[in-house]
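J.: Let me give you the structure first, and then I'll get to my questions.
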Amino acid sequence: MKWSLTISFNYDDTYNRQFESFDEAKETAYEWSNDNEGCPIYIWKLTTGNPIKWMEVSAWTILHST
């Protein structure tokens, strides 16, 4: 199963990062968010049809939740 990351609330077919595993996508999403001052990163589940928005990840939430 493939996963994709975008910085856009709507799926961007031309600018995304794809991963084979959810864990790898989630880890990279936190890193990408941290590199961009906590901006939200969206994890998408790729399907044979339209991608499904799975979750929003933000390093800001992680940094300020402790």
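To be explicit about the labels: the chains of the structure tokens are called A, B, and onward in the order shown, and within each one the residues are counted from 1, while ligands get numbers from 1 in the order they are shown.
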So that I can see what lies close to range 9-25 of chain A, please list as a PyMOL selection string the residues with an atom at most 10 Å from it, counting only C-alpha atoms and leaving out residues fewer than 3 positions away in the same chain.
T.: chain A and resi 1-6+28-31+40-46+50-53+56
J.: Please provide the set of residues having any atom within 8 Å of Gly38 in chain A, restricted to only C-alpha atoms, with same-chain residues fewer than 5 positions apart removed, written as a list in words.
T.: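 Counting only C-alpha atoms, the residues come to Ser33, Ser58, Ala59, Trp60 and Thr61 of chain A.
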